[in-house]
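Below is one structure; the comments refer to it alone.
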Amino acid sequence: MLFFIACKEKYISPVTSPSTGYLVVEGAINSGLGATNITLSRTTGLQIQNIVYEKGAIVKVEGEDNTSKQLTEVSDGNYTISGLNLNANKKYRINITTKDGKVYLSDFSSIIYNPPIDSVNWKRENGSVQMYVNTHDDTNNTQYYQWETSETWEIHSGYLTALKYKQSYNANGTVYSVDFSDSINKSIDYGKYYCWKTVPSSQILTGTTVALSKNVINLPIANIPQDSWKLNVLYSLFTRQLSISKGKYEFLQRMKKNTEGTGSIFDAQPSDLNGNLHCVSNSNEPVIGYIDVCNVQEKRIFISRNQVPDWNYYQGCNEIRITNNSDSIQIHGLYLLPTYPETNPMTGAIISFFAAPPECVDCRLRGSNIKPSFWP
């Protein structure tokens, strides 16, 4: 034990980075009619948990024929444009000017043919639901692929509610009671019952047919764990397929090793992440990212709980009965939400009510009650 303590030394990294971090560029140029999405952010120290987005930049798609289209910043660090419909015989690049005046360029790249997605299918495996992407290219023009996925699922609260807590004040302090949210109609608040949650995948999903006799892809891209809440009602997987260059494939492989395989001394050690982007203002400044050009292919599938027998998701919600007076509410109810009332048959006043944990009553604590435009 003393030997190991004596051998312990403080490690000082030889890598130095500016206080603002290095620019990170994510995305691809969509040569078709769909959206081109570019995300700009900055590298940070390990002590910073949140992503630092690069806001207020000017981002353009430029052609070697001197054409130029500017993207719009739709949220912090996220820039987009649709309907580029680029000339297949020309090369294109990204031009970025940050708000501090620095200019970053990607190399001019030819458009890479991207075959349609044949299917995204699923099957039950070891209790979970495993999803696969299938595609092929008979022309053998495309040998490297990347997929981006996003999951959306519908959430229902464990209990319906038409009630709310009320506060009033007297000489003794705060007085609590429960009443109907809609005192006239006494209707259910479905805004707390129906919600949806969308989560983009953080995995780096790539594939290649270089070592295959046929240019055919069948790869797992997403998994719903057994009895997960994702499939309690209805689940959707959105898949974007990109054809990529060998250079970007190798860049993503290095990125994957750096982010997913550096947990011990036996894993691959972090490696250089230089791509095809360069800082024109300072040639010595690293830029992290790789921009290709292709016609992006997309597919969305839905899976209903009814399609998957014996899916046994259980939220584990329990109610307790609380008398509708301030003392009982302060003792039992303030950390619960009211669900169902027991009323006086003569006056209609609430004499007691049932209450459950907030996440069992208000789905907005687990998602958004704004229905996605693509939801059936």
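Chain labels follow the order of the structure tokens: the first chain is A, the next B, and so on; residue numbering restarts at 1 in every chain, and ligands are counted from 1 in their shown order.
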Please give the complete set of residues from range 133-302 of chain A that DSSP, run on the backbone, assigns to strand (DSSP E), formatted as a PyMOL selection string.
chain A and resi 133-136+144-156+163-170+173-180+194-200+205-208+216-224+234-243+277-279+288-289+293-294+297-302
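Counting only C-alpha atoms, Arg366 in chain A has the following residues at most 9 Å away, ignoring those fewer than 3 positions along the same chain: Ile155, Cys195, Trp196, Lys197, Glu359, Asp362 and Cys363 of chain A.
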Using the selection just defined, write its residues with C-alpha atoms as a PDB file, in the first residue's frame.
```pdb
ATOM      1  CA  ILE A 155     -46.569   9.474 -21.843  1.00  0.00           C
ATOM      2  CA  CYS A 195     -47.358  14.226 -22.866  1.00  0.00           C
ATOM      3  CA  TRP A 196     -44.527  13.329 -25.229  1.00  0.00           C
ATOM      4  CA  LYS A 197     -40.784  13.065 -24.808  1.00  0.00           C
ATOM      5  CA  GLU A 359     -44.770  12.485 -11.497  1.00  0.00           C
ATOM      6  CA  ASP A 362     -48.563  15.648 -13.942  1.00  0.00           C
ATOM      7  CA  CYS A 363     -46.897  14.196 -17.059  1.00  0.00           C
TER       8      CYS A 363
END
```
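In terms of minimum interatomic distance to Leu242 in chain A, A:Glu148 ranks closest within A:Asp327, A:Asp107, A:Glu260, A:Glu148, counting only C-alpha atoms.
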Per-residue DSSP, range 64-240 of chain A, filtered to helix (DSSP H, G or I), as a list in words
Tyr190, Gly191, Lys192, Trp229, Lys230 and Leu231 of chain A
What does the file look like for those residues with C-alpha atoms, as a PDB file, in the first residue's frame?
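Final output, saved to out-v4.pdb:
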```pdb
ATOM      1  CA  TYR A 190     -55.877  16.516 -19.858  1.00  0.00           C
ATOM      2  CA  GLY A 191     -52.933  18.898 -20.233  1.00  0.00           C
ATOM      3  CA  LYS A 192     -51.403  17.004 -17.325  1.00  0.00           C
ATOM      4  CA  TRP A 229     -41.761   3.318 -20.130  1.00  0.00           C
ATOM      5  CA  LYS A 230     -40.875   4.233 -23.730  1.00  0.00           C
ATOM      6  CA  LEU A 231     -43.376   1.659 -24.981  1.00  0.00           C
TER       7      LEU A 231
END
```
Contact residues around range 177-186 of chain A with only C-alpha atoms at 12 Å, ignoring same-chain residues under 4 positions, as JSON, numbers by chain:
{"A": [161, 162, 163, 164, 165, 166, 167, 168, 169, 190, 191, 192, 322, 323, 324, 325, 326, 327, 328, 329, 330, 333, 334, 336, 337, 338, 339, 340, 341, 342, 343, 348, 349, 350, 351, 352, 353, 354, 355]}
For the residues selected in the previous step, produce a file with N, CA and C atoms as a CSV table (one decimal), in the first residue's frame.
```
chain,number,residue,atom,x,y,z
A,161,THR,N,-56.6,14.0,-13.1
A,161,THR,CA,-57.0,14.9,-12.1
A,161,THR,C,-57.8,16.1,-12.6
A,162,ALA,N,-58.7,16.6,-11.7
A,162,ALA,CA,-59.5,17.8,-12.0
A,162,ALA,C,-59.3,18.8,-10.8
A,163,LEU,N,-58.3,18.5,-10.0
A,163,LEU,CA,-58.1,19.2,-8.7
A,163,LEU,C,-56.9,20.1,-8.7
A,164,LYS,N,-56.9,21.0,-7.8
A,164,LYS,CA,-55.7,21.8,-7.5
A,164,LYS,C,-55.6,22.2,-6.0
A,165,TYR,N,-54.5,22.6,-5.6
A,165,TYR,CA,-54.3,23.1,-4.2
A,165,TYR,C,-54.6,24.6,-4.2
A,166,LYS,N,-55.2,25.1,-3.2
A,166,LYS,CA,-55.5,26.5,-3.0
A,166,LYS,C,-54.8,27.0,-1.7
A,167,GLN,N,-54.4,28.3,-1.7
A,167,GLN,CA,-53.8,28.9,-0.5
A,167,GLN,C,-54.6,30.1,-0.2
A,168,SER,N,-54.8,30.3,1.1
A,168,SER,CA,-55.4,31.5,1.6
A,168,SER,C,-54.6,31.8,2.9
A,169,TYR,N,-54.9,33.0,3.4
A,169,TYR,CA,-54.2,33.4,4.6
A,169,TYR,C,-55.1,34.0,5.7
A,190,TYR,N,-56.6,17.4,-19.0
A,190,TYR,CA,-55.9,16.5,-19.9
A,190,TYR,C,-54.5,17.1,-20.3
A,191,GLY,N,-54.3,18.3,-20.0
A,191,GLY,CA,-52.9,18.9,-20.2
A,191,GLY,C,-51.9,18.3,-19.3
A,192,LYS,N,-52.3,17.7,-18.2
A,192,LYS,CA,-51.4,17.0,-17.3
A,192,LYS,C,-51.4,15.5,-17.5
A,322,ILE,N,-56.7,11.9,1.8
A,322,ILE,CA,-56.3,13.0,2.7
A,322,ILE,C,-57.6,13.8,3.0
A,323,THR,N,-57.9,14.1,4.2
A,323,THR,CA,-59.0,15.0,4.5
A,323,THR,C,-58.8,16.4,4.0
A,324,ASN,N,-59.8,17.0,3.5
A,324,ASN,CA,-59.6,18.3,2.9
A,324,ASN,C,-59.6,19.4,4.0
A,325,ASN,N,-58.6,19.4,4.8
A,325,ASN,CA,-58.4,20.5,5.7
A,325,ASN,C,-56.9,20.9,5.8
A,326,SER,N,-56.6,22.1,6.2
A,326,SER,CA,-55.3,22.5,6.1
A,326,SER,C,-54.3,21.7,6.9
A,327,ASP,N,-54.6,21.2,8.1
A,327,ASP,CA,-53.7,20.4,8.9
A,327,ASP,C,-53.3,19.1,8.2
A,328,SER,N,-54.4,18.4,7.7
A,328,SER,CA,-54.1,17.2,7.0
A,328,SER,C,-53.3,17.4,5.7
A,329,ILE,N,-53.6,18.4,5.0
A,329,ILE,CA,-52.8,18.7,3.7
A,329,ILE,C,-51.4,19.0,4.0
A,330,GLN,N,-51.1,19.8,5.1
A,330,GLN,CA,-49.7,20.1,5.4
A,330,GLN,C,-49.0,18.9,5.9
A,333,GLY,N,-50.1,16.1,2.3
A,333,GLY,CA,-50.4,16.4,0.9
A,333,GLY,C,-49.5,17.3,0.1
A,334,LEU,N,-48.7,18.1,0.8
A,334,LEU,CA,-48.0,19.2,0.0
A,334,LEU,C,-46.9,18.6,-1.0
A,336,LEU,N,-47.5,15.8,-2.5
A,336,LEU,CA,-48.3,14.9,-3.4
A,336,LEU,C,-49.2,15.8,-4.2
A,337,LEU,N,-49.8,15.3,-5.3
A,337,LEU,CA,-50.8,16.1,-6.1
A,337,LEU,C,-52.1,15.4,-6.0
A,338,PRO,N,-53.2,16.2,-5.8
A,338,PRO,CA,-54.6,15.7,-5.7
A,338,PRO,C,-55.0,15.0,-7.0
A,339,THR,N,-55.7,13.9,-6.9
A,339,THR,CA,-56.2,13.2,-8.1
A,339,THR,C,-57.8,13.1,-8.1
A,340,TYR,N,-58.4,12.4,-7.1
A,340,TYR,CA,-59.8,12.2,-7.2
A,340,TYR,C,-60.5,12.7,-5.9
A,341,PRO,N,-61.6,13.4,-6.0
A,341,PRO,CA,-62.3,14.0,-4.9
A,341,PRO,C,-63.4,13.1,-4.3
A,342,GLU,N,-63.7,13.2,-3.0
A,342,GLU,CA,-64.9,12.7,-2.4
A,342,GLU,C,-65.7,13.9,-2.0
A,343,THR,N,-66.9,14.0,-2.5
A,343,THR,CA,-67.7,15.3,-2.3
A,343,THR,C,-68.9,15.0,-1.4
A,348,GLY,N,-71.8,19.4,-2.6
A,348,GLY,CA,-70.8,19.3,-3.7
A,348,GLY,C,-69.4,19.7,-3.2
A,349,ALA,N,-69.3,20.0,-1.9
A,349,ALA,CA,-68.0,20.4,-1.4
A,349,ALA,C,-67.1,19.2,-1.3
A,350,ILE,N,-65.8,19.4,-1.5
A,350,ILE,CA,-64.8,18.3,-1.3
A,350,ILE,C,-64.5,18.1,0.1
A,351,ILE,N,-64.8,16.9,0.6
A,351,ILE,CA,-64.6,16.6,2.0
A,351,ILE,C,-63.3,15.8,2.2
A,352,SER,N,-62.8,15.1,1.2
A,352,SER,CA,-61.5,14.5,1.2
A,352,SER,C,-61.1,14.2,-0.3
A,353,PHE,N,-59.9,13.8,-0.4
A,353,PHE,CA,-59.4,13.6,-1.8
A,353,PHE,C,-58.3,12.5,-1.7
A,354,PHE,N,-58.0,12.0,-2.9
A,354,PHE,CA,-56.8,11.1,-3.0
A,354,PHE,C,-55.7,11.9,-3.7
A,355,ALA,N,-54.4,11.5,-3.3
A,355,ALA,CA,-53.3,12.2,-3.8
A,355,ALA,C,-52.2,11.2,-4.1
```
Can you work out which one of A:Tyr290, A:Phe374, A:Trp153, A:Tyr132 has the shortest atom-to-atom distance to Ile38 in chain A, counting only C-alpha atoms?
A:Tyr290
What's around Ile51 in chain A at 10 Å? Count only C-alpha atoms, leave out sequence neighbours fewer than 4 positions away in its own chain, and write the answer as number ranges by chain.
A: 41-44, 77
Same residues, C-alpha atoms, saved as an mmCIF file, in the first residue's frame:
```cif
data_model
loop_
_atom_site.group_PDB
_atom_site.id
_atom_site.type_symbol
_atom_site.label_atom_id
_atom_site.label_comp_id
_atom_site.auth_asym_id
_atom_site.auth_seq_id
_atom_site.Cartn_x
_atom_site.Cartn_y
_atom_site.Cartn_z
ATOM 1 C CA SER A 41 -20.391 24.387 -29.886
ATOM 2 C CA ARG A 42 -17.161 24.716 -27.913
ATOM 3 C CA THR A 43 -14.959 22.236 -26.120
ATOM 4 C CA THR A 44 -15.017 22.650 -22.336
ATOM 5 C CA GLY A 77 -25.839 27.120 -31.766
#
```
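Considering only C-alpha atoms, the residue among A:Thr198, A:Asn295, A:Thr67, A:Ser304 positioned nearest to Pro372 in chain A is A:Thr198.
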